[in-house]
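Chemist: Here you go, this is coords-v4.txt (compact mmCIF, N, CA, C and O atoms).
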```txt
# COMPACT_ATOMS: atom_id res chain seq x y z
N ALA A 7 77.14 91.52 89.01
CA ALA A 7 78.16 92.56 89.08
C ALA A 7 78.48 92.87 90.54
O ALA A 7 77.61 92.79 91.39
N ILE A 8 79.72 93.21 90.80
CA ILE A 8 80.15 93.58 92.15
C ILE A 8 79.81 95.03 92.40
O ILE A 8 80.08 95.90 91.58
N SER A 9 79.22 95.29 93.55
CA SER A 9 78.87 96.65 93.93
C SER A 9 80.14 97.48 94.13
O SER A 9 81.12 97.00 94.70
N PRO A 10 80.12 98.73 93.68
CA PRO A 10 81.30 99.58 93.90
C PRO A 10 81.53 99.89 95.37
O PRO A 10 82.58 100.40 95.74
N ASP A 11 80.54 99.58 96.22
CA ASP A 11 80.69 99.79 97.66
C ASP A 11 81.12 98.52 98.39
O ASP A 11 81.17 98.50 99.62
N TYR A 12 81.43 97.46 97.65
CA TYR A 12 81.93 96.22 98.22
C TYR A 12 83.32 96.51 98.80
O TYR A 12 84.14 97.18 98.15
N PRO A 13 83.63 96.06 100.03
CA PRO A 13 84.91 96.42 100.66
C PRO A 13 86.14 96.15 99.80
O PRO A 13 87.04 97.00 99.72
N GLU A 14 86.18 95.00 99.13
CA GLU A 14 87.35 94.69 98.30
C GLU A 14 87.44 95.62 97.09
O GLU A 14 88.53 95.99 96.66
N ALA A 15 86.28 96.00 96.54
CA ALA A 15 86.28 96.94 95.42
C ALA A 15 86.77 98.31 95.88
O ALA A 15 87.54 98.97 95.17
N LEU A 16 86.35 98.74 97.06
CA LEU A 16 86.81 100.01 97.60
C LEU A 16 88.32 99.98 97.87
O LEU A 16 89.02 100.96 97.60
N TYR A 17 88.80 98.86 98.36
CA TYR A 17 90.24 98.71 98.60
C TYR A 17 91.01 98.83 97.28
O TYR A 17 92.00 99.57 97.20
N ASN A 18 90.55 98.11 96.27
CA ASN A 18 91.22 98.17 94.97
C ASN A 18 91.18 99.57 94.37
O ASN A 18 92.17 100.04 93.80
N LYS A 19 90.05 100.25 94.54
CA LYS A 19 89.95 101.63 94.04
C LYS A 19 90.94 102.52 94.80
O LYS A 19 91.60 103.38 94.20
N GLY A 20 91.05 102.30 96.11
CA GLY A 20 92.00 103.07 96.91
C GLY A 20 93.42 102.87 96.45
O GLY A 20 94.19 103.83 96.33
N GLU A 21 93.78 101.63 96.14
CA GLU A 21 95.14 101.36 95.63
C GLU A 21 95.39 102.09 94.32
O GLU A 21 96.46 102.65 94.10
N LEU A 22 94.40 102.05 93.43
CA LEU A 22 94.54 102.74 92.15
C LEU A 22 94.70 104.24 92.35
O LEU A 22 95.59 104.86 91.77
N LEU A 23 93.85 104.82 93.19
CA LEU A 23 93.93 106.25 93.44
C LEU A 23 95.27 106.62 94.07
O LEU A 23 95.87 107.65 93.74
N GLU A 24 95.75 105.77 94.96
CA GLU A 24 97.06 106.02 95.59
C GLU A 24 98.16 106.01 94.54
O GLU A 24 99.05 106.87 94.55
N THR A 25 98.11 105.07 93.62
CA THR A 25 99.09 104.98 92.54
C THR A 25 99.07 106.25 91.68
O THR A 25 100.12 106.69 91.20
N LEU A 26 97.89 106.83 91.52
CA LEU A 26 97.75 108.05 90.73
C LEU A 26 98.09 109.31 91.53
O LEU A 26 97.99 110.42 91.01
N GLY A 27 98.49 109.13 92.80
CA GLY A 27 98.86 110.27 93.63
C GLY A 27 97.68 110.99 94.26
O GLY A 27 97.84 112.09 94.79
N LYS A 28 96.51 110.38 94.23
CA LYS A 28 95.30 110.98 94.81
C LYS A 28 95.09 110.42 96.21
O LYS A 28 94.14 109.68 96.49
N ASN A 29 96.01 110.79 97.09
CA ASN A 29 96.06 110.20 98.42
C ASN A 29 94.82 110.46 99.27
O ASN A 29 94.37 109.57 99.99
N ASP A 30 94.27 111.66 99.21
CA ASP A 30 93.07 111.95 100.01
C ASP A 30 91.90 111.08 99.58
O ASP A 30 91.17 110.54 100.42
N SER A 31 91.72 110.91 98.28
CA SER A 31 90.65 110.07 97.76
C SER A 31 90.90 108.60 98.10
O SER A 31 89.97 107.86 98.43
N ALA A 32 92.15 108.18 98.02
CA ALA A 32 92.51 106.81 98.37
C ALA A 32 92.20 106.53 99.83
O ALA A 32 91.62 105.49 100.18
N LEU A 33 92.54 107.47 100.69
CA LEU A 33 92.29 107.34 102.11
C LEU A 33 90.80 107.16 102.39
O LEU A 33 90.39 106.31 103.20
N LEU A 34 89.97 107.93 101.70
CA LEU A 34 88.52 107.79 101.86
C LEU A 34 88.04 106.40 101.46
O LEU A 34 87.17 105.83 102.14
N CYS A 35 88.59 105.86 100.40
CA CYS A 35 88.22 104.50 99.96
C CYS A 35 88.59 103.48 101.03
O CYS A 35 87.79 102.59 101.35
N TYR A 36 89.81 103.58 101.57
CA TYR A 36 90.23 102.64 102.61
C TYR A 36 89.33 102.77 103.84
O TYR A 36 88.93 101.77 104.43
N GLU A 37 89.00 104.01 104.21
CA GLU A 37 88.13 104.22 105.37
C GLU A 37 86.76 103.59 105.16
O GLU A 37 86.21 102.96 106.07
N LYS A 38 86.19 103.76 103.97
CA LYS A 38 84.88 103.17 103.66
C LYS A 38 84.94 101.64 103.69
O LYS A 38 84.04 100.99 104.21
N ALA A 39 86.02 101.08 103.13
CA ALA A 39 86.18 99.63 103.12
C ALA A 39 86.24 99.08 104.54
O ALA A 39 85.59 98.08 104.87
N ILE A 40 86.99 99.76 105.40
CA ILE A 40 87.16 99.31 106.79
C ILE A 40 85.87 99.52 107.58
O ILE A 40 85.53 98.70 108.43
N LYS A 41 85.15 100.56 107.28
CA LYS A 41 83.88 100.79 107.97
C LYS A 41 82.91 99.64 107.67
O LYS A 41 82.19 99.18 108.56
N GLN A 42 82.91 99.16 106.44
CA GLN A 42 82.02 98.07 106.06
C GLN A 42 82.53 96.71 106.55
O GLN A 42 81.74 95.80 106.78
N ARG A 43 83.83 96.58 106.65
CA ARG A 43 84.44 95.31 107.08
C ARG A 43 85.57 95.62 108.06
O ARG A 43 86.73 95.70 107.69
N PRO A 44 85.23 95.82 109.34
CA PRO A 44 86.21 96.24 110.34
C PRO A 44 87.40 95.30 110.53
O PRO A 44 88.43 95.73 111.02
N ASP A 45 87.27 94.04 110.09
CA ASP A 45 88.39 93.11 110.24
C ASP A 45 89.22 92.98 108.97
O ASP A 45 90.00 92.04 108.82
N PHE A 46 89.13 93.95 108.09
CA PHE A 46 89.84 93.95 106.80
C PHE A 46 91.28 94.40 107.08
O PHE A 46 91.67 95.55 106.86
N THR A 47 92.10 93.46 107.55
CA THR A 47 93.44 93.80 108.03
C THR A 47 94.36 94.34 106.94
O THR A 47 95.16 95.24 107.20
N VAL A 48 94.24 93.83 105.73
CA VAL A 48 95.09 94.33 104.65
C VAL A 48 94.78 95.80 104.36
O VAL A 48 95.68 96.61 104.16
N ALA A 49 93.50 96.16 104.39
CA ALA A 49 93.11 97.56 104.17
C ALA A 49 93.62 98.44 105.31
O ALA A 49 94.05 99.57 105.07
N LEU A 50 93.56 97.93 106.54
CA LEU A 50 94.09 98.70 107.67
C LEU A 50 95.58 98.96 107.51
O LEU A 50 96.05 100.09 107.73
N GLN A 51 96.33 97.95 107.13
CA GLN A 51 97.77 98.12 106.98
C GLN A 51 98.10 99.05 105.80
O GLN A 51 99.00 99.88 105.89
N ARG A 52 97.36 98.93 104.71
CA ARG A 52 97.58 99.82 103.55
C ARG A 52 97.24 101.26 103.93
O ARG A 52 97.95 102.19 103.56
N MET A 53 96.15 101.44 104.68
CA MET A 53 95.76 102.77 105.12
C MET A 53 96.84 103.36 106.04
O MET A 53 97.20 104.53 105.92
N GLY A 54 97.38 102.53 106.93
CA GLY A 54 98.45 102.99 107.81
C GLY A 54 99.67 103.42 107.02
O GLY A 54 100.27 104.46 107.32
N ALA A 55 100.04 102.65 106.01
CA ALA A 55 101.20 103.00 105.18
C ALA A 55 100.96 104.32 104.44
O ALA A 55 101.87 105.15 104.33
N LEU A 56 99.75 104.51 103.96
CA LEU A 56 99.42 105.76 103.27
C LEU A 56 99.50 106.94 104.23
O LEU A 56 100.02 108.00 103.89
N LEU A 57 99.00 106.75 105.45
CA LEU A 57 99.07 107.82 106.44
C LEU A 57 100.51 108.19 106.77
O LEU A 57 100.82 109.36 106.97
N VAL A 58 101.41 107.20 106.78
CA VAL A 58 102.84 107.50 106.99
C VAL A 58 103.33 108.37 105.84
O VAL A 58 104.00 109.38 106.07
N THR A 59 102.98 108.00 104.62
CA THR A 59 103.36 108.78 103.44
C THR A 59 102.84 110.21 103.53
O THR A 59 103.51 111.16 103.11
N MET A 60 101.63 110.35 104.09
CA MET A 60 100.99 111.66 104.22
C MET A 60 101.46 112.41 105.48
O MET A 60 100.91 113.44 105.82
N GLU A 61 102.47 111.84 106.17
CA GLU A 61 103.05 112.44 107.37
C GLU A 61 102.03 112.61 108.49
O GLU A 61 102.02 113.61 109.21
N GLN A 62 101.17 111.60 108.65
CA GLN A 62 100.19 111.57 109.73
C GLN A 62 100.53 110.38 110.64
O GLN A 62 99.76 109.42 110.77
N ALA A 63 101.71 110.46 111.24
CA ALA A 63 102.27 109.34 111.99
C ALA A 63 101.39 108.90 113.15
O ALA A 63 101.24 107.70 113.39
N GLU A 64 100.81 109.82 113.88
CA GLU A 64 100.00 109.45 115.05
C GLU A 64 98.78 108.65 114.63
O GLU A 64 98.47 107.61 115.21
N LYS A 65 98.10 109.11 113.59
CA LYS A 65 96.93 108.38 113.09
C LYS A 65 97.36 107.04 112.50
O LYS A 65 96.68 106.03 112.67
N ALA A 66 98.49 107.02 111.80
CA ALA A 66 99.02 105.78 111.22
C ALA A 66 99.27 104.76 112.32
O ALA A 66 98.93 103.58 112.18
N ASP A 67 99.86 105.19 113.42
CA ASP A 67 100.16 104.28 114.53
C ASP A 67 98.87 103.65 115.06
O ASP A 67 98.83 102.46 115.35
N GLN A 68 97.81 104.45 115.18
CA GLN A 68 96.52 103.92 115.66
C GLN A 68 95.96 102.87 114.70
O GLN A 68 95.45 101.84 115.13
N VAL A 69 96.07 103.14 113.41
CA VAL A 69 95.57 102.20 112.40
C VAL A 69 96.39 100.92 112.42
O VAL A 69 95.83 99.82 112.40
N PHE A 70 97.73 101.03 112.46
CA PHE A 70 98.58 99.85 112.53
C PHE A 70 98.28 99.03 113.78
O PHE A 70 98.22 97.80 113.73
N GLU A 71 98.09 99.70 114.89
CA GLU A 71 97.81 99.01 116.15
C GLU A 71 96.51 98.21 116.05
O GLU A 71 96.44 97.06 116.46
N LYS A 72 95.49 98.81 115.47
CA LYS A 72 94.21 98.11 115.30
C LYS A 72 94.40 96.89 114.41
O LYS A 72 93.91 95.80 114.72
N GLY A 73 95.11 97.05 113.31
CA GLY A 73 95.37 95.94 112.41
C GLY A 73 96.17 94.83 113.06
O GLY A 73 95.86 93.65 112.92
N ASN A 74 97.20 95.21 113.81
CA ASN A 74 98.04 94.22 114.49
C ASN A 74 97.25 93.43 115.52
O ASN A 74 97.42 92.22 115.65
N LYS A 75 96.36 94.10 116.26
CA LYS A 75 95.52 93.40 117.25
C LYS A 75 94.61 92.38 116.56
O LYS A 75 94.43 91.27 117.06
N LEU A 76 94.04 92.76 115.44
CA LEU A 76 93.19 91.83 114.70
C LEU A 76 93.98 90.63 114.19
O LEU A 76 93.52 89.49 114.26
N ILE A 77 95.19 90.89 113.70
CA ILE A 77 96.03 89.81 113.19
C ILE A 77 96.39 88.85 114.33
O ILE A 77 96.29 87.63 114.18
N LEU A 78 96.77 89.39 115.47
CA LEU A 78 97.11 88.55 116.62
C LEU A 78 95.90 87.75 117.11
O LEU A 78 96.06 86.66 117.66
N ALA A 79 94.70 88.28 116.88
CA ALA A 79 93.47 87.59 117.27
C ALA A 79 93.04 86.57 116.22
O ALA A 79 92.04 85.88 116.38
N GLY A 80 93.80 86.49 115.11
CA GLY A 80 93.51 85.50 114.10
C GLY A 80 92.66 85.97 112.94
O GLY A 80 92.16 85.16 112.16
N PHE A 81 92.48 87.27 112.78
CA PHE A 81 91.69 87.82 111.68
C PHE A 81 92.59 88.24 110.54
O PHE A 81 93.17 89.31 110.55
N GLY A 82 92.73 87.39 109.55
CA GLY A 82 93.42 87.78 108.33
C GLY A 82 94.93 87.81 108.43
O GLY A 82 95.52 87.39 109.41
N VAL A 83 95.49 88.34 107.40
CA VAL A 83 96.94 88.41 107.25
C VAL A 83 97.32 89.87 107.17
O VAL A 83 96.65 90.67 106.54
N GLY A 84 98.39 90.23 107.81
CA GLY A 84 98.83 91.62 107.79
C GLY A 84 99.63 91.98 106.58
O GLY A 84 100.11 91.13 105.84
N TYR A 85 99.77 93.23 106.36
CA TYR A 85 100.58 93.78 105.29
C TYR A 85 101.93 94.10 105.89
O TYR A 85 102.02 94.74 106.93
N SER A 86 102.97 93.62 105.28
CA SER A 86 104.29 93.85 105.87
C SER A 86 105.32 94.20 104.82
O SER A 86 105.12 93.96 103.63
N TRP A 87 106.39 94.79 105.27
CA TRP A 87 107.54 95.08 104.43
C TRP A 87 108.71 94.33 105.02
O TRP A 87 109.02 94.49 106.19
N GLY A 88 109.36 93.51 104.21
CA GLY A 88 110.54 92.80 104.68
C GLY A 88 110.25 91.84 105.83
O GLY A 88 111.11 91.56 106.63
N GLY A 89 109.00 91.38 105.95
CA GLY A 89 108.65 90.41 106.98
C GLY A 89 108.38 90.99 108.35
O GLY A 89 108.23 90.26 109.31
N THR A 90 108.32 92.32 108.46
CA THR A 90 108.05 92.92 109.76
C THR A 90 106.81 93.79 109.68
O THR A 90 106.57 94.47 108.69
N MET A 91 106.02 93.72 110.73
CA MET A 91 104.84 94.60 110.80
C MET A 91 105.32 96.00 111.16
O MET A 91 106.28 96.15 111.92
N LEU A 92 104.69 97.00 110.62
CA LEU A 92 105.08 98.37 110.89
C LEU A 92 104.26 98.96 112.02
O LEU A 92 103.06 98.87 112.03
N THR A 93 104.92 99.55 112.98
CA THR A 93 104.28 100.39 113.97
C THR A 93 105.19 101.58 114.17
O THR A 93 106.40 101.50 113.99
N ILE A 94 104.60 102.66 114.57
CA ILE A 94 105.37 103.89 114.77
C ILE A 94 105.24 104.28 116.23
O ILE A 94 104.14 104.39 116.75
N LYS A 95 106.34 104.47 116.89
CA LYS A 95 106.32 104.86 118.30
C LYS A 95 107.00 106.19 118.46
O LYS A 95 107.88 106.56 117.77
```
Mind turning the file's structure into structure tokens?
Modeler:
Amino acid sequence: AISPDYPEALYNKGELLETLGKNDSALLCYEKAIKQRPDFTVALQRMGALLVTMEQAEKADQVFEKGNKLILAGFGVGYSWGGTMLTIK
């Protein structure tokens, strides 16, 4: 069985919670997933998008920047909309 603290399981739980409108709980799941796997670029981008939704633009920008740096360094694939990476300036 997969541990509920496995990064991918936490990410999936975060997506489910976000879909249910439980943004604070979803954010905690994404944070836990990233803490366990700091190069989890998809979780970083999803967390950034959620922070934008939660009107936390400054924190979102920091998360997107971290994810973008990892992607440019060759760690994983980024999460994008319409083929563009999101950053907030």
Chemist: Could you tell me how far atom CA of Val69 of chain A lies from atom N of Leu33 of chain A, in Å and to one decimal?
Modeler: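 Separation between atom CA of Val69 of chain A and atom N of Leu33 of chain A: 13.2 Å.
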Chemist: Nearest to Arg43 of chain A among A:Gly73, A:Gly27, A:Gly20, A:Pro13, with distances taken over only C-alpha atoms: which residue is it?
Modeler: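 Counting only C-alpha atoms, the residue closest to Arg43 of chain A is A:Pro13.
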Chemist: Just give me the gap between atom O of Leu23 of chain A and atom N of Met53 of chain A in Å, one decimal is fine.
Modeler: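 Going from atom O of Leu23 of chain A over to atom N of Met53 of chain A, I get 12.6 Å.
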Chemist: Please provide the set of residues having any atom within 7 Å of Phe70 of chain A, restricted to only C-alpha atoms, with same-chain residues fewer than 2 positions apart removed, written as a list of chain:residue names.
Modeler: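 After dropping sequence-adjacent residues, the list is A:Leu50, A:Gln51, A:Gly54, A:Ala66, A:Asp67, A:Gln68, A:Lys72, A:Gly73, A:Asn74, A:Leu92, A:Thr93.
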Chemist: Go through chain A and collect every residue that DSSP, computed from the backbone, puts in alpha helix (DSSP H); the answer should be as a PyMOL selection string.
Modeler: chain A and resi 13-25+29-42+47-59+63-78
Chemist: I'd like the neighbourhood of Cys35 of chain A as a VMD selection string, where a residue qualifies if any of its atoms comes within 8 Å (using all atoms listed in the file), though same-chain residues fewer than 6 positions away should be ignored.
Modeler: chain A and resid 10 to 13 15 to 21 28 to 29 41 to 42 49
Chemist: If you measure from atom C of Ile40 of chain A to atom CA of Gln62 of chain A, what distance in Å do you get, rounded to one decimal?
Modeler: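 One can read the atom C of Ile40 of chain A to atom CA of Gln62 of chain A distance as 18.8 Å.
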Chemist: I need the residue nearest Val48 of chain A from this list: A:Asp30, A:Glu64, A:Ile77, A:Glu71. Use only C-alpha atoms for the distance.
Modeler: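 With only C-alpha atoms as the atom set, the closest residue is A:Ile77.
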